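Chemist: This is protein_21.tsv (TSV, C-alpha atoms).
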chain	number	residue	atom	x	y	z
A	1	MET	CA	-5.05	5.16	-4.12
A	2	ALA	CA	-1.43	4.38	-3.20
A	3	ASN	CA	0.12	5.62	0.03
A	4	VAL	CA	1.97	8.93	-0.03
A	5	TYR	CA	4.97	9.31	2.26
A	6	LEU	CA	6.55	12.37	3.78
A	7	VAL	CA	10.30	11.95	3.19
A	8	SER	CA	13.36	13.81	4.39
A	9	ALA	CA	14.47	15.73	1.30
A	10	CYS	CA	18.10	14.68	1.75
A	11	LEU	CA	17.08	11.01	1.44
A	12	LEU	CA	15.79	11.78	-2.05
A	13	GLY	CA	19.22	13.13	-3.00
A	14	ILE	CA	18.26	16.79	-2.58
A	15	PRO	CA	21.34	18.58	-1.14
A	16	THR	CA	19.72	19.82	2.08
A	17	ALA	CA	21.76	18.02	4.76
A	18	TYR	CA	23.74	20.20	7.15
A	19	ASP	CA	26.88	19.67	5.04
A	20	GLY	CA	25.12	20.64	1.81
A	21	GLU	CA	24.94	17.07	0.54
A	22	GLY	CA	22.11	14.67	-0.29
A	23	ARG	CA	21.79	11.16	1.15
A	24	LEU	CA	19.99	9.35	-1.70
A	25	VAL	CA	18.35	6.04	-0.75
A	26	ASP	CA	17.58	3.85	-3.77
A	27	GLU	CA	14.30	2.47	-2.37
A	28	LEU	CA	13.05	6.03	-1.98
A	29	ARG	CA	14.08	6.97	-5.52
A	30	ALA	CA	11.50	4.49	-6.82
A	31	LEU	CA	8.85	5.92	-4.50
A	32	ALA	CA	9.61	9.41	-5.79
A	33	ALA	CA	9.44	8.21	-9.39
A	34	GLU	CA	5.91	6.97	-8.66
A	35	GLY	CA	4.97	10.39	-7.25
A	36	ARG	CA	4.47	8.95	-3.76
A	37	ALA	CA	7.30	10.74	-1.91
A	38	VAL	CA	6.74	14.29	-0.71
A	39	PRO	CA	10.09	15.84	0.24
A	40	VAL	CA	10.58	18.13	3.21
A	41	CYS	CA	13.66	19.41	5.00
A	42	PRO	CA	12.46	20.72	8.35
A	43	GLU	CA	15.72	22.52	9.05
A	44	VAL	CA	15.59	24.48	5.81
A	45	ALA	CA	11.82	25.00	6.16
A	46	GLY	CA	12.53	26.45	9.60
A	47	GLY	CA	14.85	29.04	8.06
A	48	LEU	CA	18.31	27.50	8.41
A	49	PRO	CA	20.84	27.78	5.56
A	50	ILE	CA	22.56	25.13	3.45
A	51	PRO	CA	25.20	24.28	4.52
A	52	ARG	CA	24.85	24.96	8.25
A	53	PRO	CA	26.80	24.05	11.38
A	54	PRO	CA	25.84	20.69	12.84
A	55	ALA	CA	23.36	20.91	15.70
A	56	GLU	CA	22.25	18.57	18.47
A	57	VAL	CA	19.46	18.45	21.01
A	58	VAL	CA	20.85	19.52	24.39
A	59	GLY	CA	19.11	18.52	27.60
A	60	GLY	CA	16.74	15.85	26.35
A	61	SER	CA	14.91	14.72	23.23
A	62	GLY	CA	12.73	16.25	20.53
A	63	GLU	CA	9.71	15.83	22.82
A	64	ASP	CA	11.55	17.87	25.45
A	65	VAL	CA	12.30	20.58	22.89
A	66	LEU	CA	8.60	20.76	21.98
A	67	ASP	CA	7.75	21.00	25.69
A	68	GLY	CA	10.28	23.80	26.28
A	69	LYS	CA	12.55	21.61	28.43
A	70	ALA	CA	15.50	21.22	26.00
A	71	LYS	CA	17.18	23.20	23.21
A	72	VAL	CA	18.79	22.60	19.85
A	73	VAL	CA	22.28	24.08	19.77
A	74	THR	CA	24.89	24.19	16.99
A	75	ILE	CA	28.46	23.07	17.46
A	76	ASP	CA	29.27	26.81	17.61
A	77	GLY	CA	26.91	27.30	20.56
A	78	GLU	CA	24.07	29.03	18.67
A	79	ASP	CA	20.56	28.23	19.93
A	80	VAL	CA	18.52	27.22	16.85
A	81	THR	CA	15.57	25.79	18.76
A	82	ALA	CA	13.01	28.17	17.24
A	83	ALA	CA	14.04	27.20	13.69
A	84	TYR	CA	13.74	23.50	14.53
A	85	ILE	CA	10.26	23.95	15.97
A	86	ARG	CA	9.15	26.07	12.97
A	87	GLY	CA	10.49	23.42	10.61
A	88	ALA	CA	8.68	20.64	12.46
A	89	GLU	CA	5.43	22.59	12.20
A	90	VAL	CA	5.96	23.03	8.45
A	91	ALA	CA	6.65	19.30	8.05
A	92	LEU	CA	3.43	18.45	9.89
A	93	ALA	CA	1.46	20.88	7.73
A	94	VAL	CA	2.92	19.29	4.58
A	95	ALA	CA	2.07	15.80	5.84
A	96	ARG	CA	-1.51	16.83	6.50
A	97	ARG	CA	-1.84	18.55	3.12
A	98	CYS	CA	-0.65	15.52	1.18
A	99	GLY	CA	-2.43	12.95	3.36
A	100	ALA	CA	0.74	11.16	4.47
A	101	THR	CA	0.34	8.81	7.41
A	102	THR	CA	3.98	7.64	7.37
A	103	ALA	CA	7.18	9.67	7.36
A	104	VAL	CA	10.57	8.31	6.31
A	105	LEU	CA	13.09	10.52	8.08
A	106	LYS	CA	16.88	10.72	8.32
A	107	ALA	CA	18.26	8.57	11.10
A	108	ARG	CA	20.11	10.29	13.96
A	109	SER	CA	19.15	13.82	12.84
A	110	PRO	CA	18.24	16.36	15.54
A	111	SER	CA	15.17	17.12	13.42
A	112	CYS	CA	14.32	13.81	11.89
A	113	GLY	CA	15.84	11.01	13.96
A	114	PRO	CA	12.94	8.65	14.77
A	115	SER	CA	14.61	6.56	17.49
A	116	HIS	CA	18.13	7.81	18.30
A	117	ILE	CA	19.77	11.23	18.32
A	118	TYR	CA	23.16	12.51	19.37
A	119	ASP	CA	23.51	13.38	23.06
A	120	GLY	CA	24.12	17.12	22.70
A	121	THR	CA	27.86	17.03	23.34
A	122	HIS	CA	28.88	16.97	19.65
A	123	SER	CA	31.05	13.95	20.45
A	124	GLY	CA	29.28	11.32	18.32
A	125	VAL	CA	27.47	9.61	21.21
A	126	LEU	CA	23.99	8.33	20.31
A	127	VAL	CA	21.16	8.12	22.83
A	128	PRO	CA	17.58	6.87	22.56
A	129	GLY	CA	15.22	9.68	21.59
A	130	ARG	CA	13.51	11.39	18.68
A	131	GLY	CA	14.41	14.53	16.82
A	132	VAL	CA	12.09	17.53	16.98
A	133	THR	CA	10.18	16.84	13.75
A	134	ALA	CA	9.95	13.11	14.43
A	135	ALA	CA	8.51	13.89	17.87
A	136	LEU	CA	5.90	16.31	16.51
A	137	LEU	CA	4.85	13.93	13.72
A	138	ARG	CA	4.51	11.06	16.21
A	139	ARG	CA	2.39	13.25	18.50
A	140	ALA	CA	0.15	13.94	15.51
A	141	GLY	CA	-0.30	10.20	14.90
A	142	LEU	CA	2.04	9.57	11.99
A	143	GLU	CA	4.20	6.48	11.81
A	144	VAL	CA	7.82	7.62	11.70
A	145	VAL	CA	10.64	5.39	10.43
A	146	SER	CA	14.18	6.02	9.29
A	147	GLU	CA	15.78	5.04	6.02
A	148	GLU	CA	17.41	2.23	8.00
A	149	GLY	CA	14.02	0.73	8.84
A	150	LEU	CA	12.43	0.81	5.40
A	151	PRO	CA	11.83	-2.86	4.58
A	152	GLY	CA	8.18	-3.64	5.16
A	153	HIS	CA	7.12	0.02	5.46
A	154	LEU	CA	6.71	0.92	1.80
A	155	GLY	CA	3.48	-0.35	0.35
Step by step, read the file and then write its structure as C-alpha cells.

Modeler:
Amino acid sequence: MANVYLVSACLLGIPTAYDGEGRLVDELRALAAEGRAVPVCPEVAGGLPIPRPPAEVVGGSGEDVLDGKAKVVTIDGEDVTAAYIRGAEVALAVARRCGATTAVLKARSPSCGPSHIYDGTHSGVLVPGRGVTAALLRRAGLEVVSEEGLPGHLG
C-alpha cells in the first residue's frame, strides 16, 4: 500500500491560511489526486476563523507552547494558545487515524512550521524552531517536512 501523508490543507489549495487564501503546491496536487494526501488545518481545527489575524509564538517554540512555557499571540495581542494546542491534537489524531508517518506542513507557520517560525514580534524575523503542530507530530514520531523540502520525501 502506498504511503499516506498528512498535509496542511492550505498547501492543497484549500483556502484555510490566515488570510483566507490557499497555497497550492503542484507536487501535492498529484498526491491528492492519488488519494494519498489527507488535509488538515490545525488552526481551523482548533476553532479559529478564516480569515484570522496573523499569530506568532511568543517566548519560545512550539515545544515550549506544548510545555506551557510560551504562548501563541495574534498581532492584535489575543492569546490563541489553547486553539493552537487543540488544533495540534486534532492533527495528530487525524494522522493516527489515516496511518500517516510523514506530514508535509506549511513552512514558517506558528502551527505547522517544521524548522523555522517567526520570532513573536510580528516583524518578519525568522528563528529556528517548530510550530505547535509540527512539534506535537515530531514528539509522536512523525517525520515533518515543509513544502520547501519535498523532493525525496514523496514516495

Chemist: Nearest to Thr121 (chain A): which of A:Asn3, A:Ser8, A:Thr16, A:Thr74 is it, counting all atoms listed in the file?

Modeler: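 Smallest separation from Thr121 (chain A) among the options: A:Thr74.
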
Chemist: What's around region 47-61 of chain A at 9 Å? Count all atoms listed in the file, leave out sequence neighbours fewer than 5 positions away in its own chain, and write the answer as JSON, numbers by chain.

Modeler: {"A": [15, 16, 17, 18, 19, 20, 21, 42, 66, 69, 70, 71, 72, 73, 74, 75, 76, 77, 78, 79, 80, 81, 83, 84, 86, 87, 109, 110, 111, 117, 118, 119, 120, 121, 122, 128, 129, 130, 131, 132, 135]}

Chemist: Taking into account only C-alpha atoms, which residue in the set A:Gly113, A:Gly22, A:Gly99, A:Gly62 is nearest to Arg36 (chain A)?

Modeler: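 That would be A:Gly99, the residue with the smallest distance to Arg36 (chain A).
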
Chemist: Which distance in Å separates CA of Leu150 (chain A) and CA of Leu6 (chain A), to one decimal?

Modeler: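 About the pair CA of Leu150 (chain A) and CA of Leu6 (chain A): they are 13.1 Å apart.
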
Chemist: My list of candidates is A:Gly149, A:Ile85, A:Ala103, A:Gly13. Which is closest to Val38 (chain A) when distances are computed with all atoms listed in the file?

Modeler: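 Checking each candidate against Val38 (chain A), we get A:Ala103 as the closest.
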
Chemist: Check the smallest atom-to-atom distance from each of A:Val104, A:Val125, A:Val144, A:Leu136 to Asp64 (chain A) using all atoms listed in the file, then report the winner.

Modeler: A:Leu136

Chemist: For a quick check of understanding, using only C-alpha atoms, which of A:Val127, A:Ile14, A:Gly141, A:Asp67 has the smallest distance to Arg29 (chain A)?

Modeler: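 Of A:Val127, A:Ile14, A:Gly141, A:Asp67, the one nearest Arg29 (chain A) is A:Ile14, counting only C-alpha atoms.
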
Chemist: Any idea what's packed within 12 Å of Arg97 (chain A), counting all atoms listed in the file, ignoring anything in its chain fewer than 4 positions away? Could you give it as a CSV table (one decimal) with C-alpha atoms, in the coordinates of the input?

Modeler:
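What ended up in out-v2.csv:
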chain,number,residue,atom,x,y,z
A,4,VAL,CA,2.0,8.9,0.0
A,5,TYR,CA,5.0,9.3,2.3
A,6,LEU,CA,6.6,12.4,3.8
A,38,VAL,CA,6.7,14.3,-0.7
A,90,VAL,CA,6.0,23.0,8.4
A,91,ALA,CA,6.6,19.3,8.0
A,92,LEU,CA,3.4,18.4,9.9
A,93,ALA,CA,1.5,20.9,7.7
A,101,THR,CA,0.3,8.8,7.4

Chemist: Please determine, counting all atoms listed in the file, which residue among A:Ala37, A:Cys10, A:Ala100, A:Cys112 has the shortest atom-to-atom distance to Val25 (chain A).

Modeler: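 Using all atoms listed in the file, Val25 (chain A) sits closest to A:Cys10.
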
Chemist: Quick check, in Å to one decimal: how far apart do CA of Ala82 (chain A) and CA of Leu24 (chain A) lie?

Modeler: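 These atoms are spaced 27.6 Å apart.
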